[in-house]
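K.L.:
Can you keep this structure in mind? I'll have questions shortly.
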Amino acid sequence: MDKVICGQNRRICSNTKLYGEYNIPTDIVPDTYDVIDIPNENKLSYSNMKVIDINSNDKQKEIMLMLRSTEYFYNEIQLYSFVNGKIKYLDKIESVSDFENVGVNKKTNRLEVISEADYPIQSAYYRKFMILQGKLKEVTSDEVNISYFNKKIELTAQKSIDVYSNLNFNKKSFSIRPNEKIIFVSANKKSGYIKVKNSQGKVGYIQTKKSSEGYGYELKQYSGVHIEGDDESPITGANHWN
């Protein structure tokens, strides 16, 4: 067994084996668990643990380990099942800053997570997971409501922006004027659009695409600049976390 340091008293825990970047316990999590510092390429370290029960009908519980990085804003949850005294690695959920952003919906037997995202800009959205045949399965819709951790995303247009009434983007509904406030309601990264609301309460869709440099996103109407953050961007006023 590989050895790791655990607990404030820095005892050696020999009942944990490391598997690549996941650091998967194959035996038990020490009952004196506090902080486990595990050297690895991603510079991640365990910082918290919580036992939950996603589905009370499946006769298993789940263990969440929160990992934090020395790199800014790279956190993840590793999830394990606990059945008949044995621990099995299920999966990881990236970009979750704290256990306060994770909860179990007892009505739907879903694990609900507020996750940080870079699409269409830095924002947060709810992700949903279920246990299916002993495995973790994400059931988040492609279109997700986005926010700044429950605070609405209200930005300012710097240019005129075309807004469409349909997702074929062939029926223009209205235009957002320069200096007009715009609310980002939801987004669909897979289909490439943002659902927005203007200052008069009208709702429609604006089309997005991956930036030409491969980092960040653009409005298709204004290629060559990021949606927000550049001098020539069509929108300004977003929160920046890094």
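By order of appearance in the structure tokens: chains A, B, ..., then residues from 1 within every chain, and ligands from 1 in the order shown.
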Find the residues around A:Ile54 up to 8 Å (only C-alpha atoms counted), leave out those fewer than 5 positions away in its own chain, and share them as JSON, numbers by chain.
P.N.:
{"A": [61, 62, 104, 105, 106, 109, 110, 111, 130, 131]}
K.L.:
For stretch 95-170 of chain A against stretch 214-221 of chain A, with a cut-off of 12 Å and counting only C-alpha atoms, what is the closest atom pair and its distance in Å to one decimal for every residue that makes the cut, ordered by chain and number, as CSV?
P.N.:
```
residue,atom,partner,partner_atom,distance
A:Ala117,CA,A:Gly216,CA,10.9
A:Asp118,CA,A:Gly216,CA,7.2
A:Tyr119,CA,A:Tyr217,CA,7.1
A:Pro120,CA,A:Tyr217,CA,6.2
A:Ile121,CA,A:Tyr217,CA,7.5
A:Gln122,CA,A:Gly216,CA,9.6
A:Lys159,CA,A:Gln221,CA,10.6
A:Ser160,CA,A:Gln221,CA,9.8
A:Ile161,CA,A:Gln221,CA,7.6
A:Asp162,CA,A:Gln221,CA,7.7
A:Val163,CA,A:Gln221,CA,10.2
A:Tyr164,CA,A:Gln221,CA,11.8
A:Phe169,CA,A:Lys220,CA,10.7
```
K.L.:
Could you check the closest approach to A:Ile206 for each of A:Ser173, A:Asn179, A:Gln78, A:Thr140 and tell me which residue wins, using only C-alpha atoms?
P.N.:
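Residue with the minimum atom-to-atom distance to A:Ile206: A:Ser173.
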K.L.:
Atom CA of A:Ser147 and atom CA of A:Ile176, how far apart in Å?
P.N.:
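Between atom CA of A:Ile176 and atom CA of A:Ser147 the gap works out to 20.0 Å.
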K.L.:
Need to verify the contact set: A:Ser233, 8 Å, only C-alpha atoms, exclusion of same-chain residues closer than 5 positions in sequence. Can you return it as a ChimeraX atom specification?
P.N.:
/A:158,222,225-228
K.L.:
Would you save the residues of that selection, restricted to N, CA and C atoms, as a compact mmCIF listing (two decimals), in the first residue's frame?
P.N.:
```
# COMPACT_ATOMS: atom_id res chain seq x y z
N GLN A 158 -22.60 47.05 -25.17
CA GLN A 158 -21.76 48.10 -25.74
C GLN A 158 -22.06 48.33 -27.21
N TYR A 222 -20.64 38.95 -33.50
CA TYR A 222 -19.40 39.72 -33.36
C TYR A 222 -18.22 38.75 -33.19
N VAL A 225 -13.96 38.68 -30.98
CA VAL A 225 -13.80 39.21 -29.62
C VAL A 225 -14.63 38.37 -28.66
N HIS A 226 -14.19 38.26 -27.44
CA HIS A 226 -14.94 37.51 -26.44
C HIS A 226 -16.25 38.20 -26.14
N ILE A 227 -17.22 37.43 -25.66
CA ILE A 227 -18.53 37.98 -25.32
C ILE A 227 -18.38 39.16 -24.37
N GLU A 228 -17.47 39.02 -23.41
CA GLU A 228 -17.27 40.07 -22.40
C GLU A 228 -15.81 40.07 -22.00
```
K.L.:
I'd like to know which of A:Ser191, A:Ser223, A:Ser97, A:Ser165 is closest to A:Gly204, using only C-alpha atoms.
P.N.:
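Smallest distance to A:Gly204 is found for A:Ser165.
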K.L.:
For the atom pair atom CA of A:Phe149 and atom CA of A:Leu167, what is the interatomic distance in Å to one decimal place?
P.N.:
26.7 Å
K.L.:
Mind giving me the straight-line distance from atom CA of A:Lys172 to atom CA of A:Ser123 in Å, one decimal?
P.N.:
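That distance, rounded to one decimal, is 26.4 Å.
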K.L.:
Tell me, which residues of stretch 19-217 of chain A carry DSSP strand (DSSP E), written as a ChimeraX atom specification?
P.N.:
/A:36-37,44-52,61-69,76-83,86-94,102-105,110-117,123-132,135-138,143-147,153-157,161-164,172-176,181-188,193-198,203-210,217
K.L.:
Just checking: using only C-alpha atoms, which residue out of A:Lys209, A:Arg127, A:Arg68, A:Lys92 ends up closest to A:Tyr80?
P.N.:
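Checking each of A:Lys209, A:Arg127, A:Arg68, A:Lys92 against A:Tyr80, counting only C-alpha atoms, the winner is A:Lys92.
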K.L.:
Taking into account only C-alpha atoms, which residue in the set A:Ile63, A:Gly229, A:Tyr148, A:Lys190 is nearest to A:Thr208?
P.N.:
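Once distances to A:Thr208 are computed over only C-alpha atoms, the minimum belongs to A:Lys190.
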K.L.:
Taking only C-alpha atoms into account, which of A:Tyr193, A:Tyr125, A:Phe184, A:Tyr205 comes nearest A:Ala238?
P.N.:
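Closest candidate: A:Phe184.
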